[in-house]
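To keep things clear, I will list the structure first and then write my remarks on it.
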Amino acid sequence: MTRHKWLVSVTLLLTMVVIIYGAFTRLTDAGLGCPDWPGCYGFLKVPEKPESIALAAQAFPDRPLEPHKAWNEMIHRYLAGTLGLLIAAIFMSSFFSKVRQPRTLPIVLLLLVIFQAALGAWTVTMSLLPIVVLAHLLGGFTLYCLLALYWMQLSPGLRQTEPALNSLKPLAIVAALVVMIQIGLGGWTAANYAALACIELPVCEAGWLSRLALDEAFDLHLGYSDYEYGVMSAEARQTVHVFHRLGAFITLGIVSWFAVLLYKRAQTKVMQNFALAMGGVLLLQFILGLLNVVLHLPLVNAVAHNFVGANLLMIMIVVVYQLYRPVGKEA
């Protein structure tokens, strides 16, 4: 393994950690554990000394310091900051390495991580505005997928073309788009605290159809001073949850269909393994979603649901890349 690929591998692993810890931070209601950015109550770390705590209380009287939430938030920022530095290192290495490396994705990754940092700041300064929280989540997932694609570019042994799979290209695009939409619905559900708006299976409590509030459920709800714990009505949250729940069944059907066809028609172990991974991760994600409902959103399960969703998207993007990207055309 070259030094450059080793750097990409470490960065990819750290991105997994950041996604997991970001979900943990959100699910422990620590997104505003530090009400300012990039520091915490005006300090580079969580205030601990009595005089520092007094200054924090004076600066933010409406947001009392909760040390455990503040540390959750700051650890996430430290990890995300380290990730940003590693991506900057990848960018520099791709241009100055003695061995020519693909450069398009390092440029995109650097721009994306800068924008992701801005979204992280806006998440705090806009008091968890749902559309910003959703964008921050999707930005993290996109970063993960692009790093995986870049790792693939640096692994020519995994790049194999299979003409027999050409007929699956349109279905691959549809399946990937379905996963993206479902993740967007899941992020909107989380950002609006709607994960427990329905606690019965298979769809929701009796009479859910008559309680749908589509206009409010997908409104941006701009103009509030604080979005912590949500501003939607119970009916709107239930509507968001129902759409995510229905999307799960659609995703299960379409992606499993694609995975089966991919496995049957693939002629190489690489693509067969991708099909198996896709099916396994899809099934795990569906089970985790059911457990979120049955067990009323246990923390470990909810964090896993977030992370497995990121991996499902990553696998879908990599498979699409494998089907569409000609060998020898890396940029």
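Ligands are numbered from 1 in the order shown, chains are lettered A, B, ... in the order of the structure tokens, and residues start at 1 in each chain.
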Filtered DSSP result for stretch 17-175 of chain A, state helix (DSSP H, G or I), as a PyMOL selection string: chain A and resi 17-27+50-59+67-96+104-125+130-153+156-158+163-175
Residues near stretch 245-251 of chain A, cut-off 10 Å, only C-alpha atoms, skip fewer than 2 positions along chain, as JSON, numbers by chain: {"A": [175, 176, 177, 178, 179, 180, 181, 182, 183, 185, 186, 198, 201, 202, 203, 204, 239, 240, 241, 242, 243, 253, 254, 255, 256, 257, 282, 285, 286, 289, 290]}
Okay, now the selection with N, CA, C and O atoms, as a short mmCIF file (atom, residue, chain, number, x, y, z; two decimals), in the first residue's frame?
```cif
data_model
loop_
_atom_site.label_atom_id
_atom_site.label_comp_id
_atom_site.auth_asym_id
_atom_site.auth_seq_id
_atom_site.Cartn_x
_atom_site.Cartn_y
_atom_site.Cartn_z
N ALA A 175 -32.18 2.49 -7.92
CA ALA A 175 -31.97 1.99 -6.56
C ALA A 175 -31.15 2.97 -5.72
O ALA A 175 -31.46 3.21 -4.55
N ALA A 176 -30.11 3.56 -6.33
CA ALA A 176 -29.29 4.52 -5.60
C ALA A 176 -30.11 5.76 -5.24
O ALA A 176 -29.99 6.30 -4.12
N LEU A 177 -30.93 6.24 -6.17
CA LEU A 177 -31.77 7.41 -5.90
C LEU A 177 -32.78 7.12 -4.79
O LEU A 177 -33.04 7.97 -3.93
N VAL A 178 -33.34 5.92 -4.79
CA VAL A 178 -34.29 5.53 -3.75
C VAL A 178 -33.61 5.55 -2.38
O VAL A 178 -34.17 6.05 -1.40
N VAL A 179 -32.39 5.04 -2.32
CA VAL A 179 -31.65 5.04 -1.05
C VAL A 179 -31.37 6.48 -0.61
O VAL A 179 -31.50 6.82 0.57
N MET A 180 -30.99 7.34 -1.56
CA MET A 180 -30.72 8.74 -1.22
C MET A 180 -31.96 9.42 -0.65
O MET A 180 -31.90 10.13 0.36
N ILE A 181 -33.09 9.21 -1.31
CA ILE A 181 -34.34 9.83 -0.85
C ILE A 181 -34.72 9.30 0.53
O ILE A 181 -35.12 10.07 1.41
N GLN A 182 -34.55 7.99 0.73
CA GLN A 182 -34.88 7.40 2.02
C GLN A 182 -33.99 7.93 3.13
O GLN A 182 -34.44 8.20 4.25
N ILE A 183 -32.72 8.12 2.84
CA ILE A 183 -31.81 8.71 3.84
C ILE A 183 -32.20 10.15 4.12
O ILE A 183 -32.16 10.61 5.26
N LEU A 185 -35.24 11.33 3.96
CA LEU A 185 -36.43 11.24 4.82
C LEU A 185 -36.04 10.88 6.25
O LEU A 185 -36.60 11.41 7.21
N GLY A 186 -35.07 9.98 6.39
CA GLY A 186 -34.60 9.63 7.72
C GLY A 186 -33.95 10.80 8.43
O GLY A 186 -34.18 11.02 9.62
N CYS A 198 -44.52 7.59 15.64
CA CYS A 198 -45.33 6.38 15.46
C CYS A 198 -44.62 5.25 16.17
O CYS A 198 -43.43 5.01 15.91
N LEU A 201 -46.60 -0.90 14.52
CA LEU A 201 -46.30 -1.45 13.20
C LEU A 201 -47.60 -1.91 12.53
O LEU A 201 -48.57 -2.18 13.22
N PRO A 202 -47.65 -1.98 11.18
CA PRO A 202 -46.54 -1.77 10.27
C PRO A 202 -46.33 -0.31 9.84
O PRO A 202 -45.25 0.03 9.39
N VAL A 203 -47.39 0.54 9.96
CA VAL A 203 -47.23 1.93 9.50
C VAL A 203 -47.28 2.90 10.67
O VAL A 203 -46.31 3.61 10.94
N CYS A 204 -48.40 2.95 11.38
CA CYS A 204 -48.54 3.91 12.48
C CYS A 204 -49.79 3.53 13.28
O CYS A 204 -50.44 2.52 13.00
N THR A 239 -46.61 12.54 10.21
CA THR A 239 -46.58 12.50 8.75
C THR A 239 -45.17 12.22 8.24
O THR A 239 -44.96 11.39 7.35
N VAL A 240 -44.20 12.92 8.80
CA VAL A 240 -42.80 12.71 8.42
C VAL A 240 -42.40 11.26 8.69
O VAL A 240 -41.78 10.60 7.85
N HIS A 241 -42.77 10.78 9.86
CA HIS A 241 -42.42 9.41 10.23
C HIS A 241 -43.08 8.40 9.28
O HIS A 241 -42.43 7.43 8.87
N VAL A 242 -44.33 8.61 8.94
CA VAL A 242 -45.04 7.70 8.04
C VAL A 242 -44.34 7.64 6.69
O VAL A 242 -44.16 6.55 6.11
N PHE A 243 -43.94 8.78 6.15
CA PHE A 243 -43.25 8.79 4.86
C PHE A 243 -41.94 8.03 4.93
O PHE A 243 -41.57 7.30 4.01
N GLY A 253 -37.80 -3.25 -1.16
CA GLY A 253 -38.21 -3.96 -2.36
C GLY A 253 -37.29 -3.71 -3.54
O GLY A 253 -36.82 -4.64 -4.19
N ILE A 254 -37.02 -2.44 -3.83
CA ILE A 254 -36.25 -2.09 -5.02
C ILE A 254 -34.79 -2.50 -4.90
O ILE A 254 -34.20 -3.09 -5.81
N VAL A 255 -34.17 -2.20 -3.76
CA VAL A 255 -32.74 -2.49 -3.60
C VAL A 255 -32.50 -3.99 -3.51
O VAL A 255 -31.51 -4.50 -4.05
N SER A 256 -33.39 -4.73 -2.84
CA SER A 256 -33.20 -6.19 -2.77
C SER A 256 -33.36 -6.81 -4.16
O SER A 256 -32.62 -7.74 -4.53
N TRP A 257 -34.29 -6.31 -4.94
CA TRP A 257 -34.46 -6.77 -6.32
C TRP A 257 -33.18 -6.53 -7.12
O TRP A 257 -32.69 -7.43 -7.82
N LEU A 282 -28.64 -3.93 3.62
CA LEU A 282 -30.04 -3.54 3.48
C LEU A 282 -30.92 -4.24 4.52
O LEU A 282 -31.74 -3.60 5.19
N GLN A 285 -30.21 -2.90 7.99
CA GLN A 285 -30.79 -1.57 8.17
C GLN A 285 -32.29 -1.65 8.42
O GLN A 285 -32.84 -0.92 9.26
N PHE A 286 -32.97 -2.53 7.71
CA PHE A 286 -34.42 -2.69 7.89
C PHE A 286 -34.73 -3.21 9.29
O PHE A 286 -35.64 -2.73 9.96
N GLY A 289 -34.25 -0.51 11.83
CA GLY A 289 -35.38 0.40 11.81
C GLY A 289 -36.57 -0.15 12.58
O GLY A 289 -37.23 0.58 13.34
N LEU A 290 -36.85 -1.43 12.41
CA LEU A 290 -37.94 -2.06 13.17
C LEU A 290 -37.65 -2.02 14.67
O LEU A 290 -38.54 -1.72 15.48
#
```
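For the pair atom CA of A:Gln153 and atom CA of A:Ala304, the separation is 27.7 Å.
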Long-range neighbours of stretch 46-60 of chain A as a PyMOL selection string, 8 Å cut-off, only C-alpha atoms, 3 positions minimum in chain: chain A and resi 35+40-43+63-65+67+70-71+74
For the selection you just gave me, I'd like the residues written to a file as a JSON list (two decimals), in the first residue's frame, keeping all heavy atoms.
```json
[["chain", "number", "residue", "atom", "x", "y", "z"],
["A", 35, "PRO", "N", -23.13, 26.37, 22.87],
["A", 35, "PRO", "CA", -23.99, 27.25, 22.09],
["A", 35, "PRO", "C", -23.25, 28.19, 21.14],
["A", 35, "PRO", "O", -23.89, 28.97, 20.43],
["A", 35, "PRO", "CB", -24.73, 28.05, 23.17],
["A", 35, "PRO", "CG", -23.78, 28.09, 24.31],
["A", 35, "PRO", "CD", -23.03, 26.79, 24.27],
["A", 40, "CYS", "N", -16.29, 26.59, 22.97],
["A", 40, "CYS", "CA", -17.39, 26.16, 23.83],
["A", 40, "CYS", "C", -17.53, 27.16, 24.97],
["A", 40, "CYS", "O", -16.65, 27.26, 25.83],
["A", 40, "CYS", "CB", -17.10, 24.76, 24.38],
["A", 40, "CYS", "SG", -18.50, 24.01, 25.24],
["A", 41, "TYR", "N", -18.59, 27.95, 24.92],
["A", 41, "TYR", "CA", -18.83, 29.01, 25.90],
["A", 41, "TYR", "C", -17.66, 30.00, 25.94],
["A", 41, "TYR", "O", -17.28, 30.51, 26.98],
["A", 41, "TYR", "CB", -19.07, 28.42, 27.28],
["A", 41, "TYR", "CG", -20.41, 27.74, 27.42],
["A", 41, "TYR", "CD1", -20.56, 26.39, 27.11],
["A", 41, "TYR", "CD2", -21.53, 28.44, 27.84],
["A", 41, "TYR", "CE1", -21.79, 25.75, 27.23],
["A", 41, "TYR", "CE2", -22.77, 27.81, 27.97],
["A", 41, "TYR", "CZ", -22.89, 26.47, 27.66],
["A", 41, "TYR", "OH", -24.11, 25.85, 27.78],
["A", 42, "GLY", "N", -17.05, 30.20, 24.76],
["A", 42, "GLY", "CA", -15.95, 31.15, 24.66],
["A", 42, "GLY", "C", -14.58, 30.57, 24.94],
["A", 42, "GLY", "O", -13.57, 31.30, 24.90],
["A", 43, "PHE", "N", -14.50, 29.26, 25.18],
["A", 43, "PHE", "CA", -13.23, 28.61, 25.48],
["A", 43, "PHE", "C", -12.93, 27.54, 24.42],
["A", 43, "PHE", "O", -13.82, 27.09, 23.71],
["A", 43, "PHE", "CB", -13.28, 27.96, 26.87],
["A", 43, "PHE", "CG", -13.51, 28.94, 27.99],
["A", 43, "PHE", "CD1", -14.81, 29.24, 28.40],
["A", 43, "PHE", "CD2", -12.45, 29.57, 28.62],
["A", 43, "PHE", "CE1", -15.04, 30.14, 29.43],
["A", 43, "PHE", "CE2", -12.67, 30.47, 29.65],
["A", 43, "PHE", "CZ", -13.97, 30.76, 30.06],
["A", 63, "ARG", "N", -28.61, 29.43, 28.30],
["A", 63, "ARG", "CA", -28.16, 28.09, 27.94],
["A", 63, "ARG", "C", -27.15, 27.61, 29.00],
["A", 63, "ARG", "O", -25.94, 27.67, 28.80],
["A", 63, "ARG", "CB", -27.51, 28.14, 26.56],
["A", 63, "ARG", "CG", -26.99, 26.83, 26.01],
["A", 63, "ARG", "CD", -28.02, 25.89, 25.53],
["A", 63, "ARG", "NE", -28.94, 26.40, 24.53],
["A", 63, "ARG", "CZ", -29.90, 25.67, 23.99],
["A", 63, "ARG", "NH1", -30.04, 24.41, 24.36],
["A", 63, "ARG", "NH2", -30.72, 26.18, 23.10],
["A", 64, "PRO", "N", -27.64, 27.13, 30.16],
["A", 64, "PRO", "CA", -26.74, 26.69, 31.23],
["A", 64, "PRO", "C", -25.83, 25.55, 30.76],
["A", 64, "PRO", "O", -26.23, 24.71, 29.96],
["A", 64, "PRO", "CB", -27.70, 26.20, 32.33],
["A", 64, "PRO", "CG", -29.01, 26.86, 32.01],
["A", 64, "PRO", "CD", -29.06, 27.00, 30.53],
["A", 65, "LEU", "N", -24.61, 25.57, 31.27],
["A", 65, "LEU", "CA", -23.63, 24.56, 30.90],
["A", 65, "LEU", "C", -24.04, 23.18, 31.42],
["A", 65, "LEU", "O", -24.33, 23.02, 32.61],
["A", 65, "LEU", "CB", -22.26, 24.93, 31.47],
["A", 65, "LEU", "CG", -21.14, 23.90, 31.31],
["A", 65, "LEU", "CD1", -20.81, 23.68, 29.84],
["A", 65, "LEU", "CD2", -19.90, 24.33, 32.10],
["A", 67, "PRO", "N", -22.03, 19.83, 31.35],
["A", 67, "PRO", "CA", -20.70, 19.34, 30.94],
["A", 67, "PRO", "C", -20.72, 18.11, 30.05],
["A", 67, "PRO", "O", -19.96, 18.04, 29.07],
["A", 67, "PRO", "CB", -20.03, 19.05, 32.29],
["A", 67, "PRO", "CG", -20.68, 19.98, 33.25],
["A", 67, "PRO", "CD", -22.11, 20.06, 32.81],
["A", 70, "ALA", "N", -21.75, 19.15, 26.61],
["A", 70, "ALA", "CA", -20.71, 20.01, 26.04],
["A", 70, "ALA", "C", -19.52, 19.18, 25.57],
["A", 70, "ALA", "O", -18.97, 19.41, 24.48],
["A", 70, "ALA", "CB", -20.27, 21.05, 27.05],
["A", 71, "TRP", "N", -19.12, 18.19, 26.36],
["A", 71, "TRP", "CA", -18.00, 17.34, 25.96],
["A", 71, "TRP", "C", -18.36, 16.50, 24.74],
["A", 71, "TRP", "O", -17.52, 16.29, 23.85],
["A", 71, "TRP", "CB", -17.56, 16.46, 27.12],
["A", 71, "TRP", "CG", -16.55, 17.13, 28.01],
["A", 71, "TRP", "CD1", -16.69, 17.48, 29.31],
["A", 71, "TRP", "CD2", -15.23, 17.56, 27.62],
["A", 71, "TRP", "NE1", -15.56, 18.10, 29.78],
["A", 71, "TRP", "CE2", -14.64, 18.15, 28.75],
["A", 71, "TRP", "CE3", -14.50, 17.49, 26.44],
["A", 71, "TRP", "CZ2", -13.35, 18.68, 28.74],
["A", 71, "TRP", "CZ3", -13.21, 18.02, 26.41],
["A", 71, "TRP", "CH2", -12.65, 18.60, 27.55],
["A", 74, "MET", "N", -17.95, 18.87, 21.83],
["A", 74, "MET", "CA", -16.58, 19.26, 21.54],
["A", 74, "MET", "C", -15.75, 18.09, 21.01],
["A", 74, "MET", "O", -14.90, 18.28, 20.12],
["A", 74, "MET", "CB", -15.93, 19.85, 22.79],
["A", 74, "MET", "CG", -16.40, 21.26, 23.12],
["A", 74, "MET", "SD", -16.28, 22.43, 21.72],
["A", 74, "MET", "CE", -14.50, 22.52, 21.49]]
```
Length of the atom CA of A:Leu83 to atom CA of A:Tyr144 vector [Å]: 11.0 Å
Residue neighbourhood stretch 127-140 of chain A, 8 Å, only C-alpha atoms, exclusion window fewer than 6 positions, as a PyMOL selection string: chain A and resi 15+19+31-32+112+116+119-120+184+187-188+191-192+220+222+225-228
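Of note, atom CA of A:Ile317 and atom CA of A:Asn273 are spaced 14.8 Å apart.
Checking A:Ile75, A:Leu284, A:Leu299, A:Val113 one by one against A:Phe91, counting only C-alpha atoms, you find the shortest gap at A:Val113.
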Test item: residues at most 12 Å from A:Pro106, only C-alpha atoms, excluding those fewer than 6 positions along its chain, as a ChimeraX atom specification: /A:4,8,84,86-95,112-113,143,146-151,153,331
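Residues surrounding A:Pro298 within 12 Å are Phe24, Leu27, Thr28, Ala195, Leu196, Leu288, Gly289, Leu290, Leu291, Asn292, Val293, Val294, Leu295, Asn301, Ala302, Val303, Ala304 and His305 of chain A [only C-alpha atoms; sequence separation below 3 positions excluded].
Closest to A:Gly33 among A:Lys5, A:Arg237, A:Lys69, A:His296 is A:Lys69, based on only C-alpha atoms.
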A:Phe258 surroundings by only C-alpha atoms, 12 Å radius, close-in-sequence under 2 positions cut, as a PyMOL selection string: chain A and resi 165+167-176+178+251-256+260-266+272+274-276+278-279+282+316+319-320
Output C-alpha atoms for every residue in the selection just made, as a PDB file, in the first residue's frame.
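To be explicit, this is the file written out as selection.pdb:
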```pdb
ATOM      1  CA  LEU A 165     -24.256  -6.016 -16.282  1.00  0.00           C
ATOM      2  CA  SER A 167     -28.634  -3.830 -18.675  1.00  0.00           C
ATOM      3  CA  LEU A 168     -28.695  -3.234 -14.895  1.00  0.00           C
ATOM      4  CA  LYS A 169     -27.354   0.312 -15.143  1.00  0.00           C
ATOM      5  CA  PRO A 170     -30.778   2.043 -15.158  1.00  0.00           C
ATOM      6  CA  LEU A 171     -31.971  -0.043 -12.202  1.00  0.00           C
ATOM      7  CA  ALA A 172     -28.737   0.756 -10.359  1.00  0.00           C
ATOM      8  CA  ILE A 173     -29.432   4.479 -10.743  1.00  0.00           C
ATOM      9  CA  VAL A 174     -33.036   4.064  -9.587  1.00  0.00           C
ATOM     10  CA  ALA A 175     -31.969   1.985  -6.558  1.00  0.00           C
ATOM     11  CA  ALA A 176     -29.291   4.522  -5.603  1.00  0.00           C
ATOM     12  CA  VAL A 178     -34.290   5.529  -3.748  1.00  0.00           C
ATOM     13  CA  THR A 251     -36.323   0.765  -0.486  1.00  0.00           C
ATOM     14  CA  LEU A 252     -36.345  -2.824   0.745  1.00  0.00           C
ATOM     15  CA  GLY A 253     -38.210  -3.961  -2.359  1.00  0.00           C
ATOM     16  CA  ILE A 254     -36.248  -2.087  -5.025  1.00  0.00           C
ATOM     17  CA  VAL A 255     -32.742  -2.493  -3.600  1.00  0.00           C
ATOM     18  CA  SER A 256     -33.201  -6.185  -2.774  1.00  0.00           C
ATOM     19  CA  VAL A 260     -30.486 -10.303  -6.465  1.00  0.00           C
ATOM     20  CA  LEU A 261     -30.186  -9.473 -10.171  1.00  0.00           C
ATOM     21  CA  LEU A 262     -26.661  -8.142  -9.672  1.00  0.00           C
ATOM     22  CA  TYR A 263     -25.562 -11.328  -7.921  1.00  0.00           C
ATOM     23  CA  LYS A 264     -27.149 -13.612 -10.530  1.00  0.00           C
ATOM     24  CA  ARG A 265     -25.641 -11.810 -13.516  1.00  0.00           C
ATOM     25  CA  ALA A 266     -22.224 -10.908 -12.104  1.00  0.00           C
ATOM     26  CA  GLN A 272     -20.935 -10.753  -6.434  1.00  0.00           C
ATOM     27  CA  PHE A 274     -20.822  -6.158  -3.641  1.00  0.00           C
ATOM     28  CA  ALA A 275     -24.268  -7.668  -4.265  1.00  0.00           C
ATOM     29  CA  LEU A 276     -24.031  -9.758  -1.098  1.00  0.00           C
ATOM     30  CA  MET A 278     -25.684  -4.666  -0.439  1.00  0.00           C
ATOM     31  CA  GLY A 279     -28.283  -7.264   0.478  1.00  0.00           C
ATOM     32  CA  LEU A 282     -30.042  -3.536   3.480  1.00  0.00           C
ATOM     33  CA  MET A 316     -24.845   1.795  -3.790  1.00  0.00           C
ATOM     34  CA  VAL A 319     -21.646  -0.182  -7.367  1.00  0.00           C
ATOM     35  CA  VAL A 320     -22.930   2.549  -9.693  1.00  0.00           C
TER      36      VAL A 320
END
```
Nearest candidate to A:Gly157 (options A:Ile20, A:Thr268, A:Asp36, A:Arg77; using only C-alpha atoms): A:Thr268
